[in-house]
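work-v8.cif (mmCIF, C-alpha atoms)
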data_run
#
loop_
_atom_site.label_atom_id
_atom_site.label_comp_id
_atom_site.auth_asym_id
_atom_site.auth_seq_id
_atom_site.Cartn_x
_atom_site.Cartn_y
_atom_site.Cartn_z
CA MET A 590 70.18 30.81 -31.91
CA GLU A 591 67.97 33.49 -30.40
CA GLN A 592 68.52 35.65 -33.43
CA ILE A 593 67.55 32.88 -35.85
CA ILE A 594 64.29 32.33 -33.95
CA LEU A 595 63.65 36.09 -33.97
CA TYR A 596 64.15 36.36 -37.74
CA LEU A 597 62.02 33.28 -38.39
CA LEU A 598 59.15 34.58 -36.26
CA GLY A 599 59.46 38.04 -37.79
CA GLY A 600 59.38 36.57 -41.27
CA THR A 601 56.26 34.57 -40.41
CA ALA A 602 54.56 37.65 -38.99
CA ALA A 603 55.43 39.73 -42.07
CA ALA A 604 54.33 36.99 -44.48
CA SER A 605 51.00 36.48 -42.75
CA ALA A 606 50.35 40.24 -42.60
CA ILE A 607 50.95 40.47 -46.37
CA THR A 608 48.72 37.42 -46.88
CA LEU A 609 46.01 39.20 -44.90
CA VAL A 610 46.11 42.06 -47.41
CA PHE A 611 45.69 39.87 -50.49
CA VAL A 612 43.46 37.06 -49.22
CA ARG A 613 39.92 36.89 -50.63
CA HIS A 614 38.35 34.41 -48.20
CA VAL A 615 37.38 35.79 -44.79
CA PHE A 616 38.16 32.59 -42.90
CA TYR A 617 41.65 32.38 -44.38
CA ALA A 618 42.12 36.00 -43.36
CA ALA A 619 41.31 35.00 -39.77
CA LEU A 620 43.84 32.16 -39.99
CA ALA A 621 46.52 34.53 -41.34
CA LEU A 622 45.79 36.93 -38.49
CA LEU A 623 46.13 34.04 -36.05
CA ALA A 624 49.54 33.12 -37.46
CA CYS A 625 50.61 36.77 -37.23
CA LEU A 626 49.46 37.11 -33.60
CA LEU A 627 51.11 33.85 -32.53
CA SER A 628 54.45 34.76 -34.10
CA LEU A 629 54.22 38.18 -32.42
CA ALA A 630 53.73 36.33 -29.13
CA GLY A 631 56.93 34.41 -29.87
CA ILE A 632 58.75 37.67 -30.59
CA TYR A 633 57.57 39.05 -27.24
CA GLY A 634 58.98 35.93 -25.62
CA VAL A 635 62.38 36.53 -27.24
CA LEU A 636 62.23 40.19 -26.18
CA GLN A 637 61.92 39.16 -22.50
CA ALA A 638 58.24 40.12 -22.27
CA ASP A 639 57.03 36.75 -21.01
CA PHE A 640 53.80 37.98 -19.46
CA LEU A 641 52.87 39.83 -22.64
CA ALA A 642 53.59 36.73 -24.72
CA ILE A 643 51.18 34.68 -22.62
CA THR A 644 48.61 37.49 -22.62
CA GLN A 645 48.89 37.73 -26.38
CA ILE A 646 48.20 34.01 -26.82
CA LEU A 647 45.39 33.89 -24.26
CA ILE A 648 43.57 37.08 -25.16
CA TYR A 649 44.25 37.61 -28.86
CA ALA A 650 44.59 34.08 -30.18
CA GLY A 651 42.15 32.63 -27.68
CA GLY A 652 39.62 35.42 -27.29
CA VAL A 653 39.53 37.99 -30.05
CA LEU A 654 40.13 35.52 -32.88
CA VAL A 655 37.37 33.19 -31.64
CA LEU A 656 35.03 36.18 -31.40
CA ILE A 657 35.90 37.23 -34.96
CA VAL A 658 35.38 33.71 -36.33
CA PHE A 659 32.06 33.49 -34.49
CA ALA A 660 30.91 36.84 -35.91
CA MET A 661 32.05 35.66 -39.35
CA VAL A 662 29.87 32.56 -39.13
CA VAL A 663 26.86 34.66 -38.12
CA THR A 664 27.24 37.54 -40.57
CA ASN A 665 27.88 35.55 -43.74
CA ARG A 666 24.80 33.38 -43.51
CA ILE A 667 22.51 35.08 -46.02
CA GLN A 668 24.93 36.53 -48.57
CA GLY A 669 25.04 34.62 -51.81
CA LYS A 670 28.80 34.57 -52.26
CA ALA A 671 29.61 33.16 -48.86
CA LEU A 672 32.70 34.42 -47.04
CA GLN A 673 34.18 36.23 -50.05
CA VAL A 674 35.51 39.71 -49.54
CA GLU A 675 36.20 42.37 -52.16
CA SER A 676 38.38 45.41 -52.00
CA HIS A 677 38.12 48.91 -53.40
CA HIS A 678 40.25 52.10 -53.55
CA ARG A 679 43.26 49.84 -53.93
CA VAL A 680 45.68 52.37 -55.42
CA ALA A 681 44.75 55.15 -53.00
CA GLY A 682 45.06 52.80 -50.03
CA PHE A 683 48.44 51.56 -51.22
CA ILE A 684 49.75 55.10 -51.66
CA LEU A 685 48.43 56.09 -48.23
CA SER A 686 50.06 53.15 -46.47
CA VAL A 687 53.37 53.69 -48.30
CA ILE A 688 53.30 57.34 -47.19
CA ILE A 689 52.64 56.32 -43.57
CA ALA A 690 55.47 53.75 -43.74
CA LYS A 691 57.84 56.41 -45.15
CA ILE A 692 56.90 58.82 -42.36
CA LEU A 693 57.50 56.15 -39.71
CA LEU A 694 60.87 55.17 -41.19
CA PHE A 695 61.88 58.83 -41.50
CA ALA A 696 60.97 59.44 -37.85
CA TYR A 697 62.91 56.33 -36.80
CA HIS A 698 66.06 57.34 -38.62
CA GLN A 699 65.87 60.94 -37.38
CA THR A 700 65.47 60.02 -33.73
CA THR A 701 68.40 59.63 -31.39
CA PHE A 702 67.18 57.31 -28.68
CA LEU A 703 67.82 57.99 -25.06
CA LYS A 704 70.40 55.50 -23.86
CA THR A 705 69.70 54.21 -20.40
CA PRO A 706 71.27 51.01 -19.12
CA ALA A 707 68.99 48.14 -20.07
CA THR A 708 67.92 45.87 -17.27
CA GLU A 709 66.91 42.25 -17.31
CA LYS A 710 63.12 42.07 -17.62
CA GLU A 711 61.52 39.79 -15.11
CA LEU A 712 58.00 38.84 -14.19
CA LYS A 713 58.06 40.00 -10.57
CA PRO A 714 58.69 43.74 -11.11
CA LEU A 715 55.90 43.75 -13.69
CA GLY A 716 53.42 42.34 -11.20
CA VAL A 717 54.61 44.72 -8.47
CA ALA A 718 54.35 47.71 -10.81
CA LEU A 719 50.87 46.63 -11.90
CA PHE A 720 49.61 46.78 -8.32
CA THR A 721 51.58 49.83 -7.11
CA ASP A 722 52.47 52.49 -9.68
CA TYR A 723 49.86 51.37 -12.18
CA ALA A 724 47.09 50.43 -9.74
CA ALA A 725 44.74 53.21 -10.90
CA PRO A 726 44.91 52.36 -14.65
CA PHE A 727 44.57 48.68 -13.71
CA GLU A 728 41.35 49.30 -11.77
CA ILE A 729 40.00 51.61 -14.47
CA GLY A 730 40.81 48.90 -17.00
CA GLY A 731 38.78 46.43 -14.97
CA VAL A 732 35.80 48.79 -14.90
CA LEU A 733 36.21 49.39 -18.64
CA LEU A 734 36.13 45.64 -19.27
CA LEU A 735 32.95 45.28 -17.20
CA ILE A 736 31.27 48.19 -18.99
CA CYS A 737 32.17 46.90 -22.43
CA LEU A 738 31.05 43.37 -21.51
CA ILE A 739 27.61 44.66 -20.49
CA GLY A 740 27.50 47.02 -23.47
CA ALA A 741 28.44 44.32 -25.96
CA ALA A 742 25.90 41.89 -24.52
CA LEU A 743 23.17 44.54 -24.63
CA THR A 744 24.07 45.66 -28.14
CA ALA A 745 24.17 42.17 -29.55
CA SER A 746 20.94 40.99 -27.89
CA SER A 747 17.85 41.31 -29.98
CA PHE A 748 15.85 43.94 -28.00
CA LYS A 749 12.64 41.92 -28.17
CA ASN A 750 10.97 43.96 -25.42
CA SER A 751 11.82 47.39 -26.76
CA ALA A 752 9.37 49.52 -28.73
CA HIS A 753 11.08 49.59 -32.14
CA ASP A 754 11.15 46.19 -33.84
CA MET B 1193 70.58 45.41 -40.13
CA THR B 1194 70.46 44.98 -36.41
CA GLU B 1195 67.76 43.20 -34.46
CA THR B 1196 66.17 46.50 -33.44
CA ASP B 1197 66.07 47.67 -37.04
CA PHE B 1198 64.51 44.42 -38.18
CA LEU B 1199 61.79 44.53 -35.54
CA PHE B 1200 61.08 48.20 -36.19
CA TYR B 1201 60.70 47.50 -39.91
CA LEU B 1202 58.39 44.60 -39.02
CA GLY B 1203 56.28 47.00 -36.96
CA VAL B 1204 56.15 49.48 -39.85
CA LEU B 1205 55.11 46.69 -42.23
CA LEU B 1206 52.38 45.48 -39.88
CA PHE B 1207 51.06 49.02 -39.42
CA SER B 1208 50.98 49.76 -43.15
CA CYS B 1209 49.32 46.41 -43.88
CA GLY B 1210 46.69 47.14 -41.23
CA LEU B 1211 46.06 50.59 -42.67
CA LEU B 1212 45.78 49.16 -46.18
CA ILE B 1213 43.27 46.56 -44.99
CA VAL B 1214 41.18 49.15 -43.15
CA PHE B 1215 41.21 51.37 -46.22
CA THR B 1216 40.47 48.83 -48.95
CA LYS B 1217 38.48 45.87 -47.64
CA LYS B 1218 34.72 45.78 -48.14
CA ASN B 1219 33.92 43.73 -45.06
CA ALA B 1220 33.49 45.12 -41.56
CA LEU B 1221 35.18 42.09 -39.97
CA LEU B 1222 38.31 42.52 -42.07
CA VAL B 1223 38.38 46.20 -41.15
CA LEU B 1224 38.34 45.11 -37.51
CA MET B 1225 41.21 42.71 -38.20
CA GLY B 1226 43.18 45.56 -39.78
CA ILE B 1227 42.69 47.64 -36.64
CA GLU B 1228 43.94 44.74 -34.52
CA LEU B 1229 47.00 44.49 -36.75
CA MET B 1230 47.78 48.18 -36.29
CA LEU B 1231 47.42 47.91 -32.51
CA ASN B 1232 49.77 44.93 -32.56
CA ALA B 1233 52.33 46.91 -34.53
CA ALA B 1234 52.21 49.61 -31.84
CA ASN B 1235 52.58 46.94 -29.14
CA LEU B 1236 55.60 45.46 -30.88
CA ASN B 1237 57.29 48.85 -30.84
CA LEU B 1238 56.49 49.39 -27.17
CA VAL B 1239 57.99 46.03 -26.21
CA LEU B 1240 60.99 46.49 -28.50
CA PHE B 1241 62.00 49.88 -27.14
CA ASN B 1242 61.23 48.83 -23.60
CA LYS B 1243 63.87 46.12 -23.88
CA GLN B 1244 66.60 48.73 -24.30
CA GLN B 1245 65.54 50.77 -21.29
CA ALA B 1246 65.44 50.26 -17.56
CA GLY B 1247 62.03 49.61 -16.04
CA MET B 1248 58.86 47.97 -17.29
CA ASP B 1249 56.81 50.96 -18.46
CA GLY B 1250 56.66 49.88 -22.11
CA GLN B 1251 55.40 46.39 -21.31
CA LEU B 1252 52.76 47.74 -18.95
CA PHE B 1253 51.62 50.21 -21.57
CA ALA B 1254 51.41 47.37 -24.11
CA LEU B 1255 49.30 45.44 -21.59
CA PHE B 1256 46.82 48.32 -21.35
CA VAL B 1257 46.77 48.62 -25.14
CA ILE B 1258 45.78 44.93 -25.31
CA LEU B 1259 43.07 45.56 -22.71
CA VAL B 1260 41.55 48.42 -24.69
CA ALA B 1261 41.89 46.45 -27.93
CA VAL B 1262 39.86 43.60 -26.43
CA CYS B 1263 37.11 46.01 -25.35
CA GLU B 1264 37.12 47.57 -28.81
CA ALA B 1265 36.88 44.18 -30.51
CA ALA B 1266 33.99 43.02 -28.31
CA VAL B 1267 31.94 46.19 -28.77
CA GLY B 1268 32.87 46.40 -32.46
CA ILE B 1269 31.70 42.85 -33.15
CA ALA B 1270 28.45 43.48 -31.24
CA ILE B 1271 27.83 46.57 -33.39
CA ILE B 1272 28.66 44.62 -36.56
CA LEU B 1273 26.10 41.96 -35.58
CA ARG B 1274 23.39 44.61 -35.00
CA VAL B 1275 24.20 46.38 -38.25
CA TYR B 1276 24.12 43.07 -40.08
CA HIS B 1277 20.71 42.24 -38.67
CA TYR B 1278 19.36 45.62 -39.75
CA TYR B 1279 20.96 45.99 -43.18
CA GLN B 1280 21.50 42.30 -44.05
CA SER B 1281 25.01 43.32 -45.08
CA ALA B 1282 28.45 43.58 -43.52
CA VAL B 1283 29.74 46.00 -46.15
CA PRO B 1284 30.48 49.37 -44.52
CA ASP B 1285 29.78 51.32 -47.73
CA ARG B 1286 26.16 50.21 -47.85
CA ILE B 1287 25.38 51.74 -44.49
CA ASN B 1288 24.57 55.22 -45.74
CA ASN B 1289 21.22 56.20 -44.25
CA LEU B 1290 22.59 59.51 -43.00
CA LYS B 1291 23.89 60.38 -46.45
CA GLU B 1292 21.76 62.80 -48.48
CA HIS B 1293 20.05 61.10 -51.41
CA GLU B 1294 19.29 63.36 -54.36
#

Would you mind writing the file out in structure tokens?
Amino acid sequence: MEQIILYLLGGTAAASAITLVFVRHVFYAALALLACLLSLAGIYGVLQADFLAITQILIYAGGVLVLIVFAMVVTNRIQGKALQVESHHRVAGFILSVIIAKILLFAYHQTTFLKTPATEKELKPLGVALFTDYAAPFEIGGVLLLICLIGAALTASSFKNSAHD
Amino acid sequence: MTETDFLFYLGVLLFSCGLLIVFTKKNALLVLMGIELMLNAANLNLVLFNKQQAGMDGQLFALFVILVAVCEAAVGIAIILRVYHYYQSAVPDRINNLKEHE
């Protein structure tokens, strides 16, 4: 049962990623990305990463996607062909991504993975680790979020008081 | 094909699709989406290989990757908005003021 769900979610993620490559309408691209992110959240749930699954839904599907759709509405206002997107360097890009995929697969098949006994993943050790072993990165992450919030707000505001336009 | 193989191949597919989007699309927002896709592929691998190990290091690392990805998306979209206001275009190729014009 778990395996069937895993393959279904994986298939959805793969299909929406491929859709994202070929889609010509920016809003449909955002919807395809949403489907991909949600099915990845489901995969995290199957892989015993509950907290990551919830984070994925809250932050990616709830935050980043809304931000992207909002930016899409603002940036496509004046262009004549609304919301259409074109692509270029198609052959070169395809060759590049196939090469990268080959390198990744080669590395995967060459590697012998370290076998340590797998443990059941629970929520509590994650929270404990976040506030003990990983306290410094956690705090730095908080500061980074604050800085980028202020920076994004400043960058996006219209600088009416500054000297240049 | 085992579960691990399947999920690794899914990660590879997501990463190559993201790279292809970043490389080919003529819209800054879609380029941003491609970057998000690549970061998600990396996250999938972290979670996948963490499941076979003791400890939670992979999941925590994936959490920090999400954190940085959110910062990157927020700042990136702010920059796209500014660039759009200045150039009236969201096409990265048209932003070439630093390029030498003969």

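Using only C-alpha atoms, the smallest distance between any of A:Ala603, A:Val658, A:Leu735, A:Ala642 and Met1225 in chain B comes from A:Val658.
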
Do you have, as a tab-separated table, the list of residues of chain B lying at most 6 Å from chain A, each with its nearest atom pair and that distance in Å to one decimal, counting only C-alpha atoms and ordered by chain then number?
residue	atom	partner	partner_atom	distance
B:Val1204	CA	A:Ala690	CA	5.8
B:Ser1208	CA	A:Ser686	CA	4.8
B:Leu1212	CA	A:Gly682	CA	5.3
B:Ile1213	CA	A:Val610	CA	5.8
B:Phe1215	CA	A:Gly682	CA	5.6
B:Thr1216	CA	A:His677	CA	5.0
B:Lys1217	CA	A:Ser676	CA	4.4
B:Lys1218	CA	A:Ser676	CA	5.3
B:Gln1244	CA	A:Ala707	CA	4.9
B:Gln1245	CA	A:Ala707	CA	4.5
B:Ala1246	CA	A:Ala707	CA	4.8
B:Cys1263	CA	A:Cys737	CA	5.8
B:Val1267	CA	A:Ala741	CA	4.9
B:Ala1270	CA	A:Ala745	CA	4.8

With C-alpha atoms retained, could you export that selection as a PDB file, in the frame of the given file?
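result.pdb was written with the following content:
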ATOM      1  CA  VAL B1204      56.150  49.480 -39.850  1.00  0.00           C
ATOM      2  CA  SER B1208      50.980  49.760 -43.150  1.00  0.00           C
ATOM      3  CA  LEU B1212      45.780  49.160 -46.180  1.00  0.00           C
ATOM      4  CA  ILE B1213      43.270  46.560 -44.990  1.00  0.00           C
ATOM      5  CA  PHE B1215      41.210  51.370 -46.220  1.00  0.00           C
ATOM      6  CA  THR B1216      40.470  48.830 -48.950  1.00  0.00           C
ATOM      7  CA  LYS B1217      38.480  45.870 -47.640  1.00  0.00           C
ATOM      8  CA  LYS B1218      34.720  45.780 -48.140  1.00  0.00           C
ATOM      9  CA  GLN B1244      66.600  48.730 -24.300  1.00  0.00           C
ATOM     10  CA  GLN B1245      65.540  50.770 -21.290  1.00  0.00           C
ATOM     11  CA  ALA B1246      65.440  50.260 -17.560  1.00  0.00           C
ATOM     12  CA  CYS B1263      37.110  46.010 -25.350  1.00  0.00           C
ATOM     13  CA  VAL B1267      31.940  46.190 -28.770  1.00  0.00           C
ATOM     14  CA  ALA B1270      28.450  43.480 -31.240  1.00  0.00           C
TER      15      ALA B1270
END

Practice task
Name the residues that the PyMOL selection byres ((chain B and resi 1255) around 10) pulls out of this structure, and write them as a PyMOL selection string.
Solution key: (chain A and resi 640-641+644-645+719+727) or (chain B and resi 1235+1238-1239+1249-1254+1256-1261)

Would you export the selected residues with C-alpha atoms as a compact mmCIF listing (two decimals), in the coordinates of the input, please?
# COMPACT_ATOMS: atom_id res chain seq x y z
CA PHE A 640 53.80 37.98 -19.46
CA LEU A 641 52.87 39.83 -22.64
CA THR A 644 48.61 37.49 -22.62
CA GLN A 645 48.89 37.73 -26.38
CA LEU A 719 50.87 46.63 -11.90
CA PHE A 727 44.57 48.68 -13.71
CA ASN B 1235 52.58 46.94 -29.14
CA LEU B 1238 56.49 49.39 -27.17
CA VAL B 1239 57.99 46.03 -26.21
CA ASP B 1249 56.81 50.96 -18.46
CA GLY B 1250 56.66 49.88 -22.11
CA GLN B 1251 55.40 46.39 -21.31
CA LEU B 1252 52.76 47.74 -18.95
CA PHE B 1253 51.62 50.21 -21.57
CA ALA B 1254 51.41 47.37 -24.11
CA PHE B 1256 46.82 48.32 -21.35
CA VAL B 1257 46.77 48.62 -25.14
CA ILE B 1258 45.78 44.93 -25.31
CA LEU B 1259 43.07 45.56 -22.71
CA VAL B 1260 41.55 48.42 -24.69
CA ALA B 1261 41.89 46.45 -27.93

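The coordinates place CA of Leu620 in chain A at 19.6 Å from CA of Gly1203 in chain B.
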
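Pairwise distance (CA of Asn1288 in chain B, CA of Ala1266 in chain B) equals 23.3 Å.
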
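Going from CA of Phe1200 in chain B over to CA of Ile643 in chain A, you cover 21.6 Å.
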
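Among the candidate residues A:Ala624, A:Val717, A:Val635, A:Met590, the one lying nearest to Gly1247 in chain B is A:Val717, with distances computed using all atoms listed in the file.
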
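Minimum atom-to-atom distance to Ala1220 in chain B, evaluated using all atoms listed in the file, belongs to B:Val1283 out of B:Ala1233, B:Val1262, B:Glu1292, B:Val1283.
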
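Minimum atom-to-atom distances from B:Thr1196, B:Asn1237, B:Leu1221, B:Leu1211 to Leu1273 in chain B were compared using all atoms listed in the file, and the lowest value belongs to B:Leu1221.
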
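Residue nearest Lys1243 in chain B, chosen from B:Glu1195, B:Glu1264, B:Glu1228, B:Asp1285 and counting all atoms listed in the file: B:Glu1195.
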
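Proximity to Phe1207 in chain B was assessed for B:Ile1271, B:Val1223, B:Met1193, B:Leu1229 counting all atoms listed in the file; the smallest distance is recorded for B:Leu1229.
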
Edge lengths and centre in Å to one decimal, as JSON, of the axis-aligned box that encloses all listed atoms of range 1211-1214 of chain B with 5 Å added on every side?
{"center_x": 43.6, "center_y": 48.6, "center_z": -44.4, "size_x": 14.9, "size_y": 14.0, "size_z": 13.5}
